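One structure is given below, encoded as structure tokens.
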Amino acid sequence: MVEWTEFERATIQDIFSKMDYESVGHNALTRCLVVYPWTQRYFGKFGNLYNAAAIAGNPLVAAHGAVVLHGLDKAVKNMDNIKATYAELSVLHSEKLHVDPDNFRLLADCLTIVVAGRLGNGFTADVQAAFQKFLAVVISALTKQYH
Amino acid sequence: MSLTAKDMSVVKALWGKISSKVDEIGAEALGRMLVVYPQTKTYFSHWSDLSPGSAQVKKHGKTIMGAVSDAVSKIDDLPAALSQLSELHAYKLRVDPANFKILAHNIIVVTAMLFPADFTPEVHVSLDKFLQNLAWCLAEKYR
């Protein structure tokens with residue numbers, strides 16, 4: 001089981017309670033599709049992803065970014081049981097969506113960068129460490145059911 | 001994933017905007033790396049103070065970013081620009097190249113924190129590619 005310090009718990013709750021899920025989700029997914037263009041392979045049905053402006057303006061990308069962030073919310077609310085909480089989603093990503101788990105890390109990095117941009121100096125080294133640890137635990141849970 | 005002409009001009013333009021804070025970015029990125037990725041501390045066992053903001057961290061962050069800035073000015077030929085530093089890292093420092101990626105990530109995080117409006121996804125991808133190329137050239141002489 002993952003051990004969380006009081007600081008880590010408080011930091012994660014604080015960041016997500018103040019977050020605009022729609023906006024952050026949209027920005028993080030957009031950034032991922034632009035910075036790591038091979039991730040576009042999973043979004044063949046999203047239409048126009050030809051350049052950064054098209055991606056940023058694509059309503060399907062915005063909607064899906066929000067879906068992903070709301071999915072993260074499950075982990076925020078179940079920090080002591082993330083592995084079990086994501087068992088079904090892990091099977092989904094492996095068996096149905098066929099997402100290479102390395103992509104979780106790429107999206108997580110983009111999310112970190114978007115949150116850093118929003119929090120500015122509030123994103124201290126300790127906050128970054130807590131946030132990245134949280135995302136690493138989520139990624140591990142999402143990868144768990146792959147075989 | 002080699003640098004296009006567009007990547008080069010984007011990185012140079014970004015450097016124009018951030019040059020006044022380059023030392024701060026270096027210090028902050030290095031300090032952050034030592035906290036968020038504690039295994040990187042193994043390379044600095046000879047320092048007395050590894051906390052963010054320590055004099056040693058600040059000085060070394062400045063040294064690193066000085067070299068990165070120099071690489072930006074010579075972005076047309078990175079292998080030549082980094083040849084000596086590659087020898088240093090290969091034969092003397094022997095830093096595992098995986099750590100270049102870690103430091104690059106932290107440079108990007110700090111740049112995003114300090115320049116949120118300028119650090120658009122397009123700028124991000126060019127900087128990411130530049131740092132990746134820089135790391136590749138730095139590891140050139142390793143084996």
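Chain lettering (A, B, ...) mirrors the order of the structure tokens, residue numbering begins at 1 for each chain separately, and ligand numbering begins at 1 in order of display.
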
Quiz item: What's the 10 Å shell around segment 74-89 of chain B, counting only C-alpha atoms, without same-chain residues fewer than 3 positions away, as a PyMOL selection string?
Solution: chain B and resi 3-5+7-9+11-12+67-71+92-97+130+133-142

Per residue of chain A within 8 Å of chain B, which atom pair is closest and at what distance in Å (one decimal), using only C-alpha atoms, listed by chain and increasing number, as CSV?
```
residue,atom,partner,partner_atom,distance
A:Thr30,CA,B:Pro121,CA,7.7
A:Arg31,CA,B:Pro121,CA,5.1
A:Val34,CA,B:Pro121,CA,6.2
A:Val35,CA,B:Val125,CA,4.4
A:Tyr36,CA,B:Val125,CA,7.6
A:Ala52,CA,B:Glu122,CA,6.8
A:Thr112,CA,B:Val109,CA,7.6
A:Ile113,CA,B:Val109,CA,5.4
A:Val114,CA,B:Ala112,CA,7.6
A:Ala116,CA,B:Met113,CA,5.2
A:Gly117,CA,B:Met113,CA,4.4
A:Arg118,CA,B:Met113,CA,7.4
A:Leu119,CA,B:Met113,CA,7.2
A:Gly120,CA,B:Met113,CA,4.5
A:Asn121,CA,B:Met113,CA,6.9
A:Phe123,CA,B:Met113,CA,7.7
A:Ala125,CA,B:Arg32,CA,5.0
A:Asp126,CA,B:Val35,CA,7.1
A:Gln128,CA,B:Val36,CA,6.9
A:Ala129,CA,B:Val36,CA,4.6
```

Only N, CA, C and O atoms, please: the residues just picked out, written as a PDB file, in the first residue's frame.
```
ATOM      1  N   THR A  30      -4.232  18.824 -24.948  1.00  0.00           N
ATOM      2  CA  THR A  30      -3.738  19.570 -26.116  1.00  0.00           C
ATOM      3  C   THR A  30      -2.222  19.551 -26.163  1.00  0.00           C
ATOM      4  O   THR A  30      -1.594  19.248 -27.178  1.00  0.00           O
ATOM      5  N   ARG A  31      -1.616  19.880 -25.001  1.00  0.00           N
ATOM      6  CA  ARG A  31      -0.158  19.946 -24.919  1.00  0.00           C
ATOM      7  C   ARG A  31       0.452  18.582 -25.264  1.00  0.00           C
ATOM      8  O   ARG A  31       1.427  18.479 -25.997  1.00  0.00           O
ATOM      9  N   VAL A  34       0.377  17.905 -28.968  1.00  0.00           N
ATOM     10  CA  VAL A  34       1.302  18.773 -29.719  1.00  0.00           C
ATOM     11  C   VAL A  34       2.757  18.384 -29.452  1.00  0.00           C
ATOM     12  O   VAL A  34       3.558  18.271 -30.376  1.00  0.00           O
ATOM     13  N   VAL A  35       3.089  18.199 -28.179  1.00  0.00           N
ATOM     14  CA  VAL A  35       4.489  17.940 -27.812  1.00  0.00           C
ATOM     15  C   VAL A  35       4.915  16.518 -28.167  1.00  0.00           C
ATOM     16  O   VAL A  35       6.071  16.272 -28.509  1.00  0.00           O
ATOM     17  N   TYR A  36       3.976  15.573 -28.069  1.00  0.00           N
ATOM     18  CA  TYR A  36       4.275  14.170 -28.386  1.00  0.00           C
ATOM     19  C   TYR A  36       3.287  13.702 -29.453  1.00  0.00           C
ATOM     20  O   TYR A  36       2.345  12.965 -29.156  1.00  0.00           O
ATOM     21  N   ALA A  52      -1.075  22.761 -34.102  1.00  0.00           N
ATOM     22  CA  ALA A  52      -1.335  23.108 -32.700  1.00  0.00           C
ATOM     23  C   ALA A  52      -2.635  23.877 -32.538  1.00  0.00           C
ATOM     24  O   ALA A  52      -3.410  23.631 -31.611  1.00  0.00           O
ATOM     25  N   THR A 112       1.582  17.966 -15.256  1.00  0.00           N
ATOM     26  CA  THR A 112       2.469  18.619 -14.282  1.00  0.00           C
ATOM     27  C   THR A 112       2.847  20.007 -14.755  1.00  0.00           C
ATOM     28  O   THR A 112       2.831  20.975 -13.995  1.00  0.00           O
ATOM     29  N   ILE A 113       3.180  20.113 -16.045  1.00  0.00           N
ATOM     30  CA  ILE A 113       3.619  21.390 -16.594  1.00  0.00           C
ATOM     31  C   ILE A 113       2.477  22.398 -16.630  1.00  0.00           C
ATOM     32  O   ILE A 113       2.667  23.582 -16.348  1.00  0.00           O
ATOM     33  N   VAL A 114       1.262  21.953 -16.958  1.00  0.00           N
ATOM     34  CA  VAL A 114       0.111  22.862 -16.968  1.00  0.00           C
ATOM     35  C   VAL A 114      -0.164  23.360 -15.543  1.00  0.00           C
ATOM     36  O   VAL A 114      -0.382  24.553 -15.319  1.00  0.00           O
ATOM     37  N   ALA A 116       1.954  23.507 -13.081  1.00  0.00           N
ATOM     38  CA  ALA A 116       3.075  24.393 -12.703  1.00  0.00           C
ATOM     39  C   ALA A 116       2.832  25.802 -13.243  1.00  0.00           C
ATOM     40  O   ALA A 116       3.038  26.800 -12.551  1.00  0.00           O
ATOM     41  N   GLY A 117       2.380  25.880 -14.489  1.00  0.00           N
ATOM     42  CA  GLY A 117       2.105  27.176 -15.101  1.00  0.00           C
ATOM     43  C   GLY A 117       1.006  27.923 -14.364  1.00  0.00           C
ATOM     44  O   GLY A 117       1.043  29.139 -14.241  1.00  0.00           O
ATOM     45  N   ARG A 118       0.007  27.180 -13.879  1.00  0.00           N
ATOM     46  CA  ARG A 118      -1.108  27.833 -13.182  1.00  0.00           C
ATOM     47  C   ARG A 118      -0.728  28.276 -11.778  1.00  0.00           C
ATOM     48  O   ARG A 118      -1.133  29.329 -11.310  1.00  0.00           O
ATOM     49  N   LEU A 119       0.056  27.442 -11.069  1.00  0.00           N
ATOM     50  CA  LEU A 119       0.363  27.750  -9.669  1.00  0.00           C
ATOM     51  C   LEU A 119       1.571  28.668  -9.504  1.00  0.00           C
ATOM     52  O   LEU A 119       1.757  29.278  -8.444  1.00  0.00           O
ATOM     53  N   GLY A 120       2.410  28.764 -10.540  1.00  0.00           N
ATOM     54  CA  GLY A 120       3.576  29.637 -10.456  1.00  0.00           C
ATOM     55  C   GLY A 120       4.435  29.283  -9.262  1.00  0.00           C
ATOM     56  O   GLY A 120       4.769  28.128  -9.042  1.00  0.00           O
ATOM     57  N   ASN A 121       4.780  30.303  -8.453  1.00  0.00           N
ATOM     58  CA  ASN A 121       5.647  30.059  -7.314  1.00  0.00           C
ATOM     59  C   ASN A 121       5.028  29.148  -6.264  1.00  0.00           C
ATOM     60  O   ASN A 121       5.731  28.613  -5.418  1.00  0.00           O
ATOM     61  N   PHE A 123       3.964  26.357  -6.874  1.00  0.00           N
ATOM     62  CA  PHE A 123       4.365  25.001  -7.241  1.00  0.00           C
ATOM     63  C   PHE A 123       5.792  24.785  -6.773  1.00  0.00           C
ATOM     64  O   PHE A 123       6.719  24.691  -7.568  1.00  0.00           O
ATOM     65  N   ALA A 125       9.084  22.877  -4.875  1.00  0.00           N
ATOM     66  CA  ALA A 125       9.684  21.567  -5.123  1.00  0.00           C
ATOM     67  C   ALA A 125       8.930  20.474  -4.368  1.00  0.00           C
ATOM     68  O   ALA A 125       8.676  19.390  -4.907  1.00  0.00           O
ATOM     69  N   ASP A 126       8.540  20.764  -3.117  1.00  0.00           N
ATOM     70  CA  ASP A 126       7.815  19.761  -2.325  1.00  0.00           C
ATOM     71  C   ASP A 126       6.441  19.479  -2.906  1.00  0.00           C
ATOM     72  O   ASP A 126       5.967  18.342  -2.900  1.00  0.00           O
ATOM     73  N   GLN A 128       5.683  19.830  -6.081  1.00  0.00           N
ATOM     74  CA  GLN A 128       5.939  19.072  -7.305  1.00  0.00           C
ATOM     75  C   GLN A 128       6.176  17.603  -6.976  1.00  0.00           C
ATOM     76  O   GLN A 128       5.653  16.706  -7.653  1.00  0.00           O
ATOM     77  N   ALA A 129       6.964  17.347  -5.941  1.00  0.00           N
ATOM     78  CA  ALA A 129       7.268  15.964  -5.558  1.00  0.00           C
ATOM     79  C   ALA A 129       5.985  15.218  -5.203  1.00  0.00           C
ATOM     80  O   ALA A 129       5.781  14.076  -5.630  1.00  0.00           O
TER      81      ALA A 129
END
```

Practice problem: Point out the residue among B:Ile25, B:Val57, B:Leu50, B:Ile107 with the least atom-to-atom distance to Gln132 of chain B, counting only C-alpha atoms. | Solution: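 Among the listed residues, the smallest separation from Gln132 of chain B belongs to B:Ile107.
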
Would you give me, as a CSV table (one decimal) with N, CA and C atoms, in the first residue's frame, the residues in segment 42-133 of chain A that DSSP reads as helix (DSSP H, G or I)?
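Written output follows (selection27.csv):
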```csv
chain,number,residue,atom,x,y,z
A,42,TYR,N,-4.2,7.6,-31.0
A,42,TYR,CA,-5.4,7.1,-30.3
A,42,TYR,C,-6.6,7.9,-30.6
A,43,PHE,N,-6.5,9.0,-31.4
A,43,PHE,CA,-7.6,9.9,-31.6
A,43,PHE,C,-7.9,10.1,-33.0
A,44,GLY,N,-7.8,9.0,-33.8
A,44,GLY,CA,-8.1,9.0,-35.2
A,44,GLY,C,-9.5,9.5,-35.5
A,45,LYS,N,-10.5,9.4,-34.6
A,45,LYS,CA,-11.8,9.8,-34.8
A,45,LYS,C,-12.1,11.2,-34.4
A,46,PHE,N,-11.1,11.9,-34.0
A,46,PHE,CA,-11.3,13.3,-33.5
A,46,PHE,C,-11.3,14.4,-34.6
A,52,ALA,N,-1.1,22.8,-34.1
A,52,ALA,CA,-1.3,23.1,-32.7
A,52,ALA,C,-2.6,23.9,-32.5
A,53,ALA,N,-2.9,24.8,-33.5
A,53,ALA,CA,-4.1,25.6,-33.4
A,53,ALA,C,-5.3,24.8,-33.5
A,54,ALA,N,-5.3,23.8,-34.5
A,54,ALA,CA,-6.4,22.9,-34.7
A,54,ALA,C,-6.7,22.1,-33.5
A,55,ILE,N,-5.6,21.6,-32.9
A,55,ILE,CA,-5.8,20.7,-31.7
A,55,ILE,C,-6.4,21.5,-30.6
A,56,ALA,N,-5.8,22.7,-30.4
A,56,ALA,CA,-6.3,23.5,-29.3
A,56,ALA,C,-7.8,23.9,-29.4
A,57,GLY,N,-8.2,24.1,-30.7
A,57,GLY,CA,-9.6,24.5,-31.0
A,57,GLY,C,-10.6,23.3,-31.2
A,59,PRO,N,-13.1,20.7,-30.3
A,59,PRO,CA,-14.0,20.5,-29.2
A,59,PRO,C,-13.9,19.1,-28.6
A,60,LEU,N,-13.6,18.1,-29.5
A,60,LEU,CA,-13.5,16.7,-29.0
A,60,LEU,C,-12.3,16.5,-28.1
A,61,VAL,N,-11.2,17.3,-28.4
A,61,VAL,CA,-10.0,17.2,-27.5
A,61,VAL,C,-10.4,17.8,-26.2
A,62,ALA,N,-11.1,19.0,-26.2
A,62,ALA,CA,-11.5,19.7,-25.0
A,62,ALA,C,-12.3,18.7,-24.1
A,63,ALA,N,-13.3,18.1,-24.7
A,63,ALA,CA,-14.2,17.3,-24.0
A,63,ALA,C,-13.5,16.1,-23.4
A,64,HIS,N,-12.6,15.5,-24.2
A,64,HIS,CA,-11.8,14.3,-23.7
A,64,HIS,C,-10.9,14.7,-22.6
A,65,GLY,N,-10.3,15.9,-22.7
A,65,GLY,CA,-9.4,16.3,-21.6
A,65,GLY,C,-10.1,16.4,-20.3
A,66,ALA,N,-11.4,16.8,-20.4
A,66,ALA,CA,-12.2,16.9,-19.1
A,66,ALA,C,-12.5,15.5,-18.6
A,67,VAL,N,-12.8,14.6,-19.5
A,67,VAL,CA,-13.1,13.2,-19.1
A,67,VAL,C,-11.9,12.6,-18.3
A,68,VAL,N,-10.7,12.8,-18.9
A,68,VAL,CA,-9.5,12.3,-18.2
A,68,VAL,C,-9.3,12.9,-16.8
A,69,LEU,N,-9.5,14.2,-16.7
A,69,LEU,CA,-9.3,14.9,-15.4
A,69,LEU,C,-10.3,14.4,-14.4
A,70,HIS,N,-11.6,14.3,-14.9
A,70,HIS,CA,-12.6,13.7,-13.9
A,70,HIS,C,-12.3,12.3,-13.5
A,71,GLY,N,-11.6,11.6,-14.4
A,71,GLY,CA,-11.2,10.2,-14.1
A,71,GLY,C,-10.1,10.2,-13.0
A,72,LEU,N,-9.3,11.3,-13.0
A,72,LEU,CA,-8.2,11.4,-12.0
A,72,LEU,C,-8.9,11.7,-10.6
A,73,ASP,N,-10.0,12.3,-10.7
A,73,ASP,CA,-10.7,12.6,-9.4
A,73,ASP,C,-11.0,11.4,-8.6
A,74,LYS,N,-11.2,10.2,-9.2
A,74,LYS,CA,-11.4,9.0,-8.5
A,74,LYS,C,-10.2,8.7,-7.5
A,75,ALA,N,-9.0,9.0,-8.1
A,75,ALA,CA,-7.8,8.7,-7.2
A,75,ALA,C,-7.7,9.8,-6.1
A,76,VAL,N,-8.1,11.0,-6.4
A,76,VAL,CA,-8.1,12.1,-5.4
A,76,VAL,C,-8.9,11.7,-4.2
A,77,LYS,N,-10.1,11.1,-4.6
A,77,LYS,CA,-11.1,10.8,-3.5
A,77,LYS,C,-10.8,9.4,-2.9
A,79,MET,N,-7.4,8.0,-2.1
A,79,MET,CA,-5.9,7.9,-2.2
A,79,MET,C,-5.4,6.7,-1.5
A,80,ASP,N,-6.1,6.1,-0.6
A,80,ASP,CA,-5.6,4.9,0.1
A,80,ASP,C,-5.9,3.6,-0.7
A,81,ASN,N,-6.6,3.8,-1.8
A,81,ASN,CA,-7.0,2.5,-2.5
A,81,ASN,C,-7.0,2.7,-4.0
A,82,ILE,N,-6.0,3.4,-4.5
A,82,ILE,CA,-5.9,3.8,-5.9
A,82,ILE,C,-5.9,2.5,-6.8
A,83,LYS,N,-5.1,1.5,-6.4
A,83,LYS,CA,-4.9,0.3,-7.2
A,83,LYS,C,-6.3,-0.3,-7.5
A,84,ALA,N,-7.1,-0.5,-6.5
A,84,ALA,CA,-8.4,-1.2,-6.7
A,84,ALA,C,-9.3,-0.2,-7.4
A,85,THR,N,-9.3,1.0,-7.1
A,85,THR,CA,-10.2,2.0,-7.7
A,85,THR,C,-10.0,2.0,-9.3
A,87,ALA,N,-8.9,-0.6,-11.2
A,87,ALA,CA,-8.8,-1.9,-11.8
A,87,ALA,C,-9.6,-2.0,-13.1
A,88,GLU,N,-10.8,-1.5,-13.1
A,88,GLU,CA,-11.6,-1.5,-14.3
A,88,GLU,C,-11.0,-0.6,-15.4
A,89,LEU,N,-10.6,0.6,-15.1
A,89,LEU,CA,-10.1,1.5,-16.0
A,89,LEU,C,-8.8,1.0,-16.7
A,90,SER,N,-8.1,0.2,-15.8
A,90,SER,CA,-6.8,-0.4,-16.3
A,90,SER,C,-7.1,-1.4,-17.4
A,91,VAL,N,-8.1,-2.3,-17.1
A,91,VAL,CA,-8.6,-3.3,-18.1
A,91,VAL,C,-9.0,-2.6,-19.4
A,92,LEU,N,-9.8,-1.5,-19.2
A,92,LEU,CA,-10.3,-0.7,-20.4
A,92,LEU,C,-9.2,-0.2,-21.2
A,93,HIS,N,-8.1,0.4,-20.6
A,93,HIS,CA,-7.1,1.0,-21.4
A,93,HIS,C,-6.2,-0.1,-22.1
A,94,SER,N,-6.2,-1.2,-21.5
A,94,SER,CA,-5.3,-2.3,-22.0
A,94,SER,C,-6.1,-3.1,-23.1
A,95,GLU,N,-7.3,-3.6,-22.7
A,95,GLU,CA,-8.0,-4.5,-23.6
A,95,GLU,C,-8.8,-3.8,-24.7
A,96,LYS,N,-9.3,-2.7,-24.4
A,96,LYS,CA,-10.2,-2.0,-25.4
A,96,LYS,C,-9.5,-0.9,-26.1
A,102,ASP,N,3.3,3.9,-21.7
A,102,ASP,CA,4.3,5.0,-21.7
A,102,ASP,C,3.6,6.3,-21.9
A,103,ASN,N,2.4,6.2,-22.6
A,103,ASN,CA,1.7,7.5,-22.9
A,103,ASN,C,1.1,8.1,-21.6
A,104,PHE,N,0.9,7.2,-20.6
A,104,PHE,CA,0.3,7.8,-19.3
A,104,PHE,C,1.4,8.7,-18.7
A,105,ARG,N,2.6,8.3,-18.8
A,105,ARG,CA,3.7,9.2,-18.3
A,105,ARG,C,3.8,10.5,-19.1
A,106,LEU,N,3.6,10.4,-20.4
A,106,LEU,CA,3.7,11.6,-21.2
A,106,LEU,C,2.6,12.6,-20.9
A,107,LEU,N,1.4,12.1,-20.7
A,107,LEU,CA,0.3,12.9,-20.3
A,107,LEU,C,0.5,13.5,-18.9
A,108,ALA,N,1.0,12.6,-18.0
A,108,ALA,CA,1.2,13.1,-16.7
A,108,ALA,C,2.2,14.2,-16.6
A,109,ASP,N,3.3,14.1,-17.5
A,109,ASP,CA,4.3,15.2,-17.5
A,109,ASP,C,3.6,16.5,-18.0
A,110,CYS,N,2.8,16.4,-19.0
A,110,CYS,CA,2.1,17.6,-19.5
A,110,CYS,C,1.2,18.2,-18.5
A,111,LEU,N,0.5,17.3,-17.7
A,111,LEU,CA,-0.4,17.8,-16.7
A,111,LEU,C,0.4,18.5,-15.6
A,112,THR,N,1.6,18.0,-15.3
A,112,THR,CA,2.5,18.6,-14.3
A,112,THR,C,2.8,20.0,-14.8
A,113,ILE,N,3.2,20.1,-16.0
A,113,ILE,CA,3.6,21.4,-16.6
A,113,ILE,C,2.5,22.4,-16.6
A,114,VAL,N,1.3,22.0,-17.0
A,114,VAL,CA,0.1,22.9,-17.0
A,114,VAL,C,-0.2,23.4,-15.5
A,115,VAL,N,-0.1,22.5,-14.6
A,115,VAL,CA,-0.4,22.8,-13.2
A,115,VAL,C,0.7,23.8,-12.7
A,116,ALA,N,2.0,23.5,-13.1
A,116,ALA,CA,3.1,24.4,-12.7
A,116,ALA,C,2.8,25.8,-13.2
A,117,GLY,N,2.4,25.9,-14.5
A,117,GLY,CA,2.1,27.2,-15.1
A,117,GLY,C,1.0,27.9,-14.4
A,118,ARG,N,0.0,27.2,-13.9
A,118,ARG,CA,-1.1,27.8,-13.2
A,118,ARG,C,-0.7,28.3,-11.8
A,119,LEU,N,0.1,27.4,-11.1
A,119,LEU,CA,0.4,27.8,-9.7
A,119,LEU,C,1.6,28.7,-9.5
A,120,GLY,N,2.4,28.8,-10.5
A,120,GLY,CA,3.6,29.6,-10.5
A,120,GLY,C,4.4,29.3,-9.3
A,121,ASN,N,4.8,30.3,-8.5
A,121,ASN,CA,5.6,30.1,-7.3
A,121,ASN,C,5.0,29.1,-6.3
A,122,GLY,N,3.7,29.0,-6.3
A,122,GLY,CA,3.1,28.1,-5.4
A,122,GLY,C,3.4,26.6,-5.7
A,125,ALA,N,9.1,22.9,-4.9
A,125,ALA,CA,9.7,21.6,-5.1
A,125,ALA,C,8.9,20.5,-4.4
A,126,ASP,N,8.5,20.8,-3.1
A,126,ASP,CA,7.8,19.8,-2.3
A,126,ASP,C,6.4,19.5,-2.9
A,127,VAL,N,5.8,20.5,-3.4
A,127,VAL,CA,4.5,20.3,-4.0
A,127,VAL,C,4.6,19.5,-5.3
A,128,GLN,N,5.7,19.8,-6.1
A,128,GLN,CA,5.9,19.1,-7.3
A,128,GLN,C,6.2,17.6,-7.0
A,129,ALA,N,7.0,17.3,-5.9
A,129,ALA,CA,7.3,16.0,-5.6
A,129,ALA,C,6.0,15.2,-5.2
A,130,ALA,N,5.1,15.9,-4.4
A,130,ALA,CA,3.8,15.2,-4.0
A,130,ALA,C,3.0,15.0,-5.3
A,131,PHE,N,2.9,16.0,-6.1
A,131,PHE,CA,2.0,15.8,-7.3
A,131,PHE,C,2.5,14.7,-8.2
A,132,GLN,N,3.8,14.7,-8.5
A,132,GLN,CA,4.4,13.7,-9.3
A,132,GLN,C,4.3,12.3,-8.7
A,133,LYS,N,4.4,12.2,-7.4
A,133,LYS,CA,4.2,10.9,-6.7
A,133,LYS,C,2.8,10.4,-6.9
```

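The spacing separating atom CA of Ala55 of chain B from atom CA of Gln39 of chain B amounts to 20.5 Å.
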